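Read the structure below first, then the notes.
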Amino acid sequence: MNSLTVRMARRSARHPWRAVVGWLVFVVLCLVVGGAVGTNNARTADYRVGEAGRAEAMAAEGHLERRSTEQVLISARSGAPDRQAAEAAARDLTARMRKLPDVADVAAPLWSDDGRILMVEVALKGEERDAKDKVDALAAQTSAVQKSRPGLLLEETGSPSISKGVDRQRGDDLALSEKITLPVTLVTLLVVFGSVVMAAVPLLLALSSIAAAIGLSMVISHLSPDAGVGTNVILMIGLAVGVDYTLFYLKREREKRARSDGRLSTEALVELAAATSGRAVVVSGLAVVISTATLYLASDVIFSSLATGTIVVTLVAVASSLTVLPALLTVLGKRAERRVRRRAERGKPAPRPRREGAGRIWTALLRPAARHPLATLCVPVLALLALALPLAGLNITEMSRDTHSREIPAMRVYDRLNEAFPEQRVTHDVVVRADASRSPEVTRALRELARLTDADPLFADGPRIDTSADHRISVLRLKVPHLGNSSRAHDSLDHLRGEYLPATVGRVQGAEYGVSGDVARYADYPAHQNSRIPLVLGALLLVTFAMTVYAFRSVVLGLIGVVLNLLSAAAALGLLVLVFQGTWAEGLLGFDSTGSIGSRVPLFLFVILFGLSMDYQVFVVSRIREAVLAGVPTRQAVLDGIRTSASVVTSAAVVMTTVFVSFVLLHIIEMKQIGFVLAAAVLLDAFVVRIMILPAALLLLGEATWWPSRPAPAESDRTVRAELVADVR
């Protein structure tokens, strides 16, 4: 036994306290260095995709990019306000805002048509992504005017304040998620191990891995910018895989200890666990890393951020399982040995170790597959295909600002703004770049475009043309009196791009043009994702197949893994469509249906599920392959391997499901959908695919499972082989 995992375990077992201290130093160092360099957040330019992104880049080139704005609504606490008092408050507010260094401009106050609300719009300087950090200064001035005029009501909203409110709500949600997840995980581990100390080990290692990964992600963000979701995914995936990897390793060590009846030393038991489960952890971790890396092919800063967070926390979790975990097992094992010796000295018998048997429940659950494998294969496959049927009605959209929770104060003010000033709801920015000599021709074309939209009820009055100082770039801003996620707003974009632009600006020779704005972003982002899905999914299928073939030297197992992953992912997505595109579950799960699925959810599900399901695939099939290596016939190896691994797979699934379900409690609709679909996928994968479909398929295939070659025992690992034979017996 001289593999890398065994050598690392042996070194940690011989110097346990050195390994523990080294791990703690590593975690602290990651946090210190990460805190010192800080997080490099993605900039506005990093989010640009499609025609909207190209148009925004052209506008930025001419310094005509849209500025972030805040709107302050001045009204009476009841009824119509006193116009003079409201206008005096607006003048005071305007004077205060203009003194702020981050304010670019304050527009003239604007009354609503019904005369009940006076709006003051404030434009901010700098990056759109940085605007939320400047909101507090504006809110302080709004609050000051409010205090000086208690008879009026001043409320502030805008993209920056909404973003700040969303961040605050996300932080509160994550704190609630942790309060739920950690106790449930601890209780699950207590049931599995029957010991507080042993249950605490996976949880503490997972938390330390998360801490180290957060620090490392800050450093890596200077190579690949963070889109603000890195910490979320580290918490979600880190707790899931961190506990799972430690659980796999611990369960195997416990099995070896129970079967050895004191004949093997703690160091030998740790090495045996490293030779089996240690290898499975490494293969599982690499599978998660490689499959998640396919998200980089999406060419999207958010997916890149999700991939980076997942990869970093997975690698750290694997490292903790291979270094500090063997050390902790050695310390705990030696403590148990000392207790046994002290009991023997007092003439008391040694406590009987907890046997890790197959269990009657799992034997009963496997009986249908053993007796009727074809029926056991067909029935759940048909059931999963039935769950996947709602995919035919899948509607993918970009979740816009309009979908945020109304528990955010700025969102409630935003609704009042849209109701009082419908013409302010959406703006299309038509950006044109041409040679400076064609500036008059471009201006005429844009005026003709404005004339056409004036006659279209999908557009509002008040178009405005801005031209850069060098006369190369012009922007026509067209207002639309419809919410950004409405069909009418999207119809206006289609009219603009499909009819009006080709008939006007499209006739200017050599002119480049495009439409940006919120509606264009919401339309172009899903289109961009849909165009990348075939590439990412193709790469994902290829790497999943290759990793399985590499791990088990079997093309058949590689094909089975790909098919089963596709099946469970499709069924989970079908459930997602059934739940979230309808309205029947709104009260149950606390959401307002948008009639659609977030554009990032399907791709994220496929990639993460393919990686996480490899945990179960590797662990279960590894047990089967070990038995075959020990000379057990494939049929018996399948039944024994799944029976002995069923409890740990179930425990791991419960932990993962708890983590993902906790995200269903979040207010952000896309995070709810991600949490729900991952939880559903893990449950289906663990309780249907691995317990019913996989054993039935392997029993039907028999020796063909290992094609092109049956596993041959390694002569150099006789100790491991002997232990495997003992395990099977």
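Scheme for the structure tokens: letters A, B, ... for chains in order shown; per-chain residue numbers from 1; ligand numbers from 1 in order shown.
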- Tell me which protein, DNA and RNA residues are within 12 Å of Ile220 of chain A, counting only C-alpha atoms, leaving out same-chain ones fewer than 2 positions away, and put them as a PyMOL selection string. chain A and resi 30+33-34+37-41+213-218+222-226+230+304-305+307-309+311-312
- Message: Can you pull out the residues contacting Arg54 of chain A? Cut-off 12 Å, using only C-alpha atoms, and skip same-chain residues under 2 positions away; I want them as a VMD selection string.
- Response: chain A and resid 45 to 52 56 to 61 65 429 to 433 512 to 517 520 to 521 524
Please save C-alpha atoms of the selected residues as an mmCIF file, in the first residue's frame.
```cif
data_model
loop_
_atom_site.group_PDB
_atom_site.id
_atom_site.type_symbol
_atom_site.label_atom_id
_atom_site.label_comp_id
_atom_site.auth_asym_id
_atom_site.auth_seq_id
_atom_site.Cartn_x
_atom_site.Cartn_y
_atom_site.Cartn_z
ATOM 1 C CA ALA A 45 -18.119 45.428 -18.197
ATOM 2 C CA ASP A 46 -17.716 41.829 -16.994
ATOM 3 C CA TYR A 47 -21.480 41.242 -17.249
ATOM 4 C CA ARG A 48 -21.904 42.348 -20.850
ATOM 5 C CA VAL A 49 -23.228 39.692 -23.228
ATOM 6 C CA GLY A 50 -25.042 39.723 -26.545
ATOM 7 C CA GLU A 51 -26.206 42.780 -28.444
ATOM 8 C CA ALA A 52 -27.014 44.623 -25.210
ATOM 9 C CA GLU A 56 -23.194 49.166 -23.617
ATOM 10 C CA ALA A 57 -19.513 48.863 -24.566
ATOM 11 C CA MET A 58 -19.985 51.336 -27.429
ATOM 12 C CA ALA A 59 -21.827 53.790 -25.165
ATOM 13 C CA ALA A 60 -19.037 53.516 -22.563
ATOM 14 C CA GLU A 61 -16.483 54.236 -25.280
ATOM 15 C CA GLU A 65 -23.165 54.939 -20.544
ATOM 16 C CA ASP A 429 -30.850 52.805 -25.267
ATOM 17 C CA VAL A 430 -30.212 52.751 -29.002
ATOM 18 C CA VAL A 431 -26.440 53.121 -29.442
ATOM 19 C CA VAL A 432 -24.895 53.963 -32.829
ATOM 20 C CA ARG A 433 -21.188 54.136 -33.697
ATOM 21 C CA GLU A 512 -22.710 49.826 -35.990
ATOM 22 C CA TYR A 513 -25.726 49.829 -33.730
ATOM 23 C CA GLY A 514 -27.405 47.927 -30.942
ATOM 24 C CA VAL A 515 -30.017 48.229 -28.215
ATOM 25 C CA SER A 516 -29.195 48.030 -24.520
ATOM 26 C CA GLY A 517 -31.185 48.632 -21.355
ATOM 27 C CA ALA A 520 -32.454 44.040 -23.684
ATOM 28 C CA ARG A 521 -30.339 42.568 -20.905
ATOM 29 C CA ASP A 524 -30.059 38.687 -24.354
#
```
Could you pull the residues within 8 Å of Ala212 of chain A, counting only C-alpha atoms, minus those fewer than 6 positions along the same chain, as a PDB file with all heavy atoms, in the first residue's frame?
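Result file is around-v9.pdb:
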```pdb
ATOM      1  N   PHE A  26      -2.985  26.595   8.197  1.00  0.00           N
ATOM      2  CA  PHE A  26      -3.385  26.786   6.804  1.00  0.00           C
ATOM      3  C   PHE A  26      -4.692  27.571   6.714  1.00  0.00           C
ATOM      4  O   PHE A  26      -4.816  28.511   5.921  1.00  0.00           O
ATOM      5  CB  PHE A  26      -3.533  25.421   6.126  1.00  0.00           C
ATOM      6  CG  PHE A  26      -4.205  25.469   4.786  1.00  0.00           C
ATOM      7  CD1 PHE A  26      -3.542  25.977   3.669  1.00  0.00           C
ATOM      8  CD2 PHE A  26      -5.513  25.013   4.625  1.00  0.00           C
ATOM      9  CE1 PHE A  26      -4.165  26.028   2.433  1.00  0.00           C
ATOM     10  CE2 PHE A  26      -6.140  25.059   3.398  1.00  0.00           C
ATOM     11  CZ  PHE A  26      -5.465  25.562   2.295  1.00  0.00           C
ATOM     12  N   VAL A  27      -5.683  27.197   7.531  1.00  0.00           N
ATOM     13  CA  VAL A  27      -6.977  27.876   7.512  1.00  0.00           C
ATOM     14  C   VAL A  27      -6.823  29.344   7.894  1.00  0.00           C
ATOM     15  O   VAL A  27      -7.360  30.242   7.227  1.00  0.00           O
ATOM     16  CB  VAL A  27      -7.982  27.170   8.452  1.00  0.00           C
ATOM     17  CG1 VAL A  27      -9.270  27.986   8.565  1.00  0.00           C
ATOM     18  CG2 VAL A  27      -8.285  25.767   7.960  1.00  0.00           C
ATOM     19  N   VAL A  28      -6.077  29.594   8.982  1.00  0.00           N
ATOM     20  CA  VAL A  28      -5.875  30.968   9.435  1.00  0.00           C
ATOM     21  C   VAL A  28      -5.123  31.773   8.381  1.00  0.00           C
ATOM     22  O   VAL A  28      -5.452  32.934   8.101  1.00  0.00           O
ATOM     23  CB  VAL A  28      -5.132  30.986  10.784  1.00  0.00           C
ATOM     24  CG1 VAL A  28      -4.734  32.416  11.157  1.00  0.00           C
ATOM     25  CG2 VAL A  28      -5.990  30.366  11.876  1.00  0.00           C
ATOM     26  N   CYS A  30      -5.084  31.316   5.152  1.00  0.00           N
ATOM     27  CA  CYS A  30      -5.993  31.619   4.035  1.00  0.00           C
ATOM     28  C   CYS A  30      -6.867  32.822   4.360  1.00  0.00           C
ATOM     29  O   CYS A  30      -7.055  33.716   3.520  1.00  0.00           O
ATOM     30  CB  CYS A  30      -6.870  30.406   3.731  1.00  0.00           C
ATOM     31  SG  CYS A  30      -5.996  29.020   2.968  1.00  0.00           S
ATOM     32  N   LEU A  31      -7.415  32.849   5.577  1.00  0.00           N
ATOM     33  CA  LEU A  31      -8.282  33.950   5.971  1.00  0.00           C
ATOM     34  C   LEU A  31      -7.513  35.264   6.074  1.00  0.00           C
ATOM     35  O   LEU A  31      -8.008  36.316   5.652  1.00  0.00           O
ATOM     36  CB  LEU A  31      -8.957  33.628   7.304  1.00  0.00           C
ATOM     37  CG  LEU A  31     -10.034  32.541   7.261  1.00  0.00           C
ATOM     38  CD1 LEU A  31     -10.492  32.193   8.674  1.00  0.00           C
ATOM     39  CD2 LEU A  31     -11.226  32.992   6.423  1.00  0.00           C
ATOM     40  N   VAL A 313     -13.644  25.193  -2.834  1.00  0.00           N
ATOM     41  CA  VAL A 313     -14.098  24.551  -1.601  1.00  0.00           C
ATOM     42  C   VAL A 313     -14.015  23.029  -1.717  1.00  0.00           C
ATOM     43  O   VAL A 313     -13.754  22.337  -0.722  1.00  0.00           O
ATOM     44  CB  VAL A 313     -15.521  25.013  -1.241  1.00  0.00           C
ATOM     45  CG1 VAL A 313     -16.580  24.341  -2.100  1.00  0.00           C
ATOM     46  CG2 VAL A 313     -15.797  24.773   0.232  1.00  0.00           C
ATOM     47  N   VAL A 316     -10.318  22.051  -1.185  1.00  0.00           N
ATOM     48  CA  VAL A 316      -9.961  22.200   0.233  1.00  0.00           C
ATOM     49  C   VAL A 316     -10.579  21.077   1.053  1.00  0.00           C
ATOM     50  O   VAL A 316      -9.938  20.526   1.964  1.00  0.00           O
ATOM     51  CB  VAL A 316     -10.406  23.579   0.760  1.00  0.00           C
ATOM     52  CG1 VAL A 316     -10.164  23.681   2.261  1.00  0.00           C
ATOM     53  CG2 VAL A 316      -9.648  24.694   0.049  1.00  0.00           C
TER      54      VAL A 316
END
```
- Task: Would you mind reading off the distance between atom CA of Leu387 of chain A and atom CA of Leu575 of chain A, one decimal, in Å?
- Result: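 Between these atoms lies a distance of 6.2 Å.
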- Message: Need to verify the contact set: Arg371 of chain A, 12 Å, only C-alpha atoms, exclusion of same-chain residues closer than 6 positions in sequence. Can you return it as a ChimeraX atom specification?
- Response: /A:363-365,377,635,639,695-696,699-700
Residue neighbourhood segment 109-117 of chain A, 8 Å, only C-alpha atoms, exclusion window fewer than 4 positions, as an mmCIF file with all heavy atoms, in the first residue's frame:
```cif
data_model
loop_
_atom_site.group_PDB
_atom_site.id
_atom_site.type_symbol
_atom_site.label_atom_id
_atom_site.label_comp_id
_atom_site.auth_asym_id
_atom_site.auth_seq_id
_atom_site.Cartn_x
_atom_site.Cartn_y
_atom_site.Cartn_z
ATOM 1 N N LEU A 73 -39.270 59.897 -3.691
ATOM 2 C CA LEU A 73 -40.674 60.257 -3.856
ATOM 3 C C LEU A 73 -41.125 61.085 -2.664
ATOM 4 O O LEU A 73 -40.953 60.681 -1.510
ATOM 5 C CB LEU A 73 -41.538 59.001 -3.975
ATOM 6 C CG LEU A 73 -41.151 57.994 -5.073
ATOM 7 C CD1 LEU A 73 -42.199 56.891 -5.154
ATOM 8 C CD2 LEU A 73 -40.979 58.683 -6.412
ATOM 9 N N ILE A 74 -41.689 62.240 -2.951
ATOM 10 C CA ILE A 74 -42.197 63.144 -1.911
ATOM 11 C C ILE A 74 -43.721 63.171 -2.010
ATOM 12 O O ILE A 74 -44.278 63.488 -3.065
ATOM 13 C CB ILE A 74 -41.630 64.567 -2.086
ATOM 14 C CG1 ILE A 74 -40.091 64.529 -2.101
ATOM 15 C CG2 ILE A 74 -42.132 65.491 -0.982
ATOM 16 C CD1 ILE A 74 -39.442 65.858 -2.423
ATOM 17 N N SER A 75 -44.378 62.814 -0.927
ATOM 18 C CA SER A 75 -45.836 62.767 -0.926
ATOM 19 C C SER A 75 -46.358 63.123 0.460
ATOM 20 O O SER A 75 -45.583 63.299 1.409
ATOM 21 C CB SER A 75 -46.322 61.369 -1.326
ATOM 22 O OG SER A 75 -45.875 60.407 -0.392
ATOM 23 N N ALA A 76 -47.685 63.244 0.574
ATOM 24 C CA ALA A 76 -48.309 63.452 1.875
ATOM 25 C C ALA A 76 -48.540 62.098 2.531
ATOM 26 O O ALA A 76 -48.625 61.071 1.858
ATOM 27 C CB ALA A 76 -49.636 64.195 1.716
ATOM 28 N N GLY A 79 -53.702 61.575 1.434
ATOM 29 C CA GLY A 79 -54.239 62.563 0.513
ATOM 30 C C GLY A 79 -53.159 63.200 -0.344
ATOM 31 O O GLY A 79 -52.041 62.711 -0.460
ATOM 32 N N ALA A 80 -53.509 64.350 -0.941
ATOM 33 C CA ALA A 80 -52.574 65.080 -1.793
ATOM 34 C C ALA A 80 -51.706 66.007 -0.948
ATOM 35 O O ALA A 80 -52.183 66.606 0.019
ATOM 36 C CB ALA A 80 -53.335 65.882 -2.841
ATOM 37 N N PRO A 81 -50.423 66.148 -1.301
ATOM 38 C CA PRO A 81 -49.541 67.008 -0.515
ATOM 39 C C PRO A 81 -49.747 68.483 -0.838
ATOM 40 O O PRO A 81 -50.308 68.839 -1.891
ATOM 41 C CB PRO A 81 -48.149 66.546 -0.949
ATOM 42 C CG PRO A 81 -48.344 66.119 -2.364
ATOM 43 C CD PRO A 81 -49.718 65.510 -2.429
ATOM 44 N N GLU A 87 -42.562 71.127 -2.995
ATOM 45 C CA GLU A 87 -41.535 71.704 -3.864
ATOM 46 C C GLU A 87 -40.397 72.309 -3.049
ATOM 47 O O GLU A 87 -39.229 72.261 -3.469
ATOM 48 C CB GLU A 87 -42.171 72.731 -4.795
ATOM 49 C CG GLU A 87 -43.068 72.083 -5.852
ATOM 50 C CD GLU A 87 -43.839 73.090 -6.669
ATOM 51 O OE1 GLU A 87 -43.747 74.300 -6.357
ATOM 52 O OE2 GLU A 87 -44.547 72.684 -7.624
ATOM 53 N N ALA A 90 -38.287 69.470 -2.135
ATOM 54 C CA ALA A 90 -37.511 69.029 -3.298
ATOM 55 C C ALA A 90 -36.305 69.933 -3.514
ATOM 56 O O ALA A 90 -35.207 69.459 -3.844
ATOM 57 C CB ALA A 90 -38.399 69.011 -4.541
ATOM 58 N N GLU A 121 -35.000 62.857 -9.080
ATOM 59 C CA GLU A 121 -34.112 61.798 -9.559
ATOM 60 C C GLU A 121 -32.664 62.250 -9.442
ATOM 61 O O GLU A 121 -32.293 63.332 -9.900
ATOM 62 C CB GLU A 121 -34.438 61.431 -11.005
ATOM 63 C CG GLU A 121 -33.643 60.234 -11.509
ATOM 64 C CD GLU A 121 -34.129 59.748 -12.853
ATOM 65 O OE1 GLU A 121 -33.814 60.402 -13.866
ATOM 66 O OE2 GLU A 121 -34.839 58.718 -12.892
ATOM 67 N N ALA A 420 -46.985 55.539 -10.217
ATOM 68 C CA ALA A 420 -47.182 56.985 -10.355
ATOM 69 C C ALA A 420 -46.547 57.538 -11.623
ATOM 70 O O ALA A 420 -47.034 58.524 -12.189
ATOM 71 C CB ALA A 420 -46.615 57.697 -9.127
ATOM 72 N N PHE A 421 -45.439 56.926 -12.070
ATOM 73 C CA PHE A 421 -44.712 57.435 -13.238
ATOM 74 C C PHE A 421 -44.496 56.286 -14.231
ATOM 75 O O PHE A 421 -43.370 55.789 -14.382
ATOM 76 C CB PHE A 421 -43.365 58.035 -12.822
ATOM 77 C CG PHE A 421 -43.473 59.194 -11.866
ATOM 78 C CD1 PHE A 421 -43.436 58.977 -10.487
ATOM 79 C CD2 PHE A 421 -43.623 60.487 -12.329
ATOM 80 C CE1 PHE A 421 -43.532 60.038 -9.597
ATOM 81 C CE2 PHE A 421 -43.725 61.556 -11.449
ATOM 82 C CZ PHE A 421 -43.687 61.329 -10.075
#
```
- Task: Pick out the residues sitting within 12 Å of Gly538 of chain A, and hand them over as number ranges by chain; count only C-alpha atoms, and ignore anything fewer than 6 positions along from it in its own chain.
- Result: A: 291, 294-295, 297-298, 532, 544-545, 562, 566, 603, 606-607
Can those selected residues be exported to a file as a PDB file, in the first residue's frame so that it contains N, CA and C atoms?
```
ATOM      1  N   SER A 291     -15.971  18.489 -13.626  1.00  0.00           N
ATOM      2  CA  SER A 291     -17.300  18.764 -14.187  1.00  0.00           C
ATOM      3  C   SER A 291     -17.691  20.216 -13.974  1.00  0.00           C
ATOM      4  N   THR A 294     -16.458  22.950 -16.409  1.00  0.00           N
ATOM      5  CA  THR A 294     -17.130  23.178 -17.694  1.00  0.00           C
ATOM      6  C   THR A 294     -17.976  24.446 -17.673  1.00  0.00           C
ATOM      7  N   LEU A 295     -18.306  24.954 -16.482  1.00  0.00           N
ATOM      8  CA  LEU A 295     -19.066  26.207 -16.404  1.00  0.00           C
ATOM      9  C   LEU A 295     -18.280  27.384 -16.982  1.00  0.00           C
ATOM     10  N   LEU A 297     -16.933  27.426 -19.699  1.00  0.00           N
ATOM     11  CA  LEU A 297     -17.244  27.478 -21.126  1.00  0.00           C
ATOM     12  C   LEU A 297     -18.476  28.325 -21.412  1.00  0.00           C
ATOM     13  N   ALA A 298     -19.239  28.655 -20.363  1.00  0.00           N
ATOM     14  CA  ALA A 298     -20.438  29.487 -20.561  1.00  0.00           C
ATOM     15  C   ALA A 298     -20.079  30.929 -20.872  1.00  0.00           C
ATOM     16  N   ARG A 532     -24.886  28.618 -25.228  1.00  0.00           N
ATOM     17  CA  ARG A 532     -23.720  27.958 -24.644  1.00  0.00           C
ATOM     18  C   ARG A 532     -24.049  26.585 -24.058  1.00  0.00           C
ATOM     19  N   THR A 544     -17.568  13.552 -17.611  1.00  0.00           N
ATOM     20  CA  THR A 544     -18.164  12.596 -16.677  1.00  0.00           C
ATOM     21  C   THR A 544     -17.893  11.169 -17.133  1.00  0.00           C
ATOM     22  N   PHE A 545     -18.082  10.935 -18.412  1.00  0.00           N
ATOM     23  CA  PHE A 545     -17.787   9.610 -18.970  1.00  0.00           C
ATOM     24  C   PHE A 545     -16.316   9.250 -18.781  1.00  0.00           C
ATOM     25  N   VAL A 562     -23.444   8.376 -17.178  1.00  0.00           N
ATOM     26  CA  VAL A 562     -23.956   9.507 -17.957  1.00  0.00           C
ATOM     27  C   VAL A 562     -25.475   9.429 -18.088  1.00  0.00           C
ATOM     28  N   LEU A 566     -28.238  12.063 -16.436  1.00  0.00           N
ATOM     29  CA  LEU A 566     -29.193  12.776 -17.282  1.00  0.00           C
ATOM     30  C   LEU A 566     -30.627  12.501 -16.830  1.00  0.00           C
ATOM     31  N   LEU A 603     -28.525  25.016 -16.240  1.00  0.00           N
ATOM     32  CA  LEU A 603     -27.107  24.731 -16.478  1.00  0.00           C
ATOM     33  C   LEU A 603     -26.378  24.461 -15.167  1.00  0.00           C
ATOM     34  N   PHE A 606     -27.293  20.878 -13.938  1.00  0.00           N
ATOM     35  CA  PHE A 606     -26.613  19.795 -14.645  1.00  0.00           C
ATOM     36  C   PHE A 606     -25.161  19.665 -14.196  1.00  0.00           C
ATOM     37  N   VAL A 607     -24.476  20.777 -14.133  1.00  0.00           N
ATOM     38  CA  VAL A 607     -23.050  20.728 -13.805  1.00  0.00           C
ATOM     39  C   VAL A 607     -22.826  20.269 -12.368  1.00  0.00           C
TER      40      VAL A 607
END
```
- Using only C-alpha atoms, which residue out of A:Ala450, A:Leu559, A:Leu389, A:Leu612 lies closest to Val577 of chain A?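 Of A:Ala450, A:Leu559, A:Leu389, A:Leu612, the one nearest Val577 of chain A, counting only C-alpha atoms, is A:Leu389.
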- Item | Gap from atom CA of Ile642 of chain A to atom CA of Met8 of chain A - Å, one decimal | 28.0 Å
- Query: Between A:Val32, A:Val664, A:Ile624, A:Ala434, which has the minimum distance to Thr276 of chain A (counting only C-alpha atoms)?
  - Reply: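 Ranked by minimum distance to Thr276 of chain A, first place goes to A:Ile624.
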- Item | Distance criterion (only C-alpha atoms): nearest to Val120 of chain A out of A:Ser159, A:Leu417, A:Gly598, A:Leu182 |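 With only C-alpha atoms as the atom set, the closest residue is A:Leu417.
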- Query: What's the 9 Å shell around Thr330 of chain A, counting only C-alpha atoms, without same-chain residues fewer than 5 positions away, as a list in words?
  - Reply: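 Near neighbours after the sequence-gap exclusion: Ser12, Ala13, Arg14, Pro16, Thr266, Glu267, Leu269, Val270, Leu325 and Arg335 of chain A.
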- Item | From A:Ser321, A:Ser568, A:Thr69, A:Thr185, residue lying nearest Asp105 of chain A [only C-alpha atoms] | A:Thr69
- Using DSSP on the backbone, list every residue of segment 2-97 of chain A that comes out as alpha helix (DSSP H), and give them as a count of residues only. 60
- From A:Gln84, A:Ser195, A:Ser486, A:Thr504, residue lying nearest Thr443 of chain A [only C-alpha atoms]: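 Between A:Gln84, A:Ser195, A:Ser486, A:Thr504, the residue approaching Thr443 of chain A most closely is A:Thr504.
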- Item | Residue with smallest distance to Ala370 of chain A - pool A:Leu665, A:Leu138, A:Met236, A:Ala697, counting only C-alpha atoms |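 Checking each candidate against Ala370 of chain A, we get A:Ala697 as the closest.
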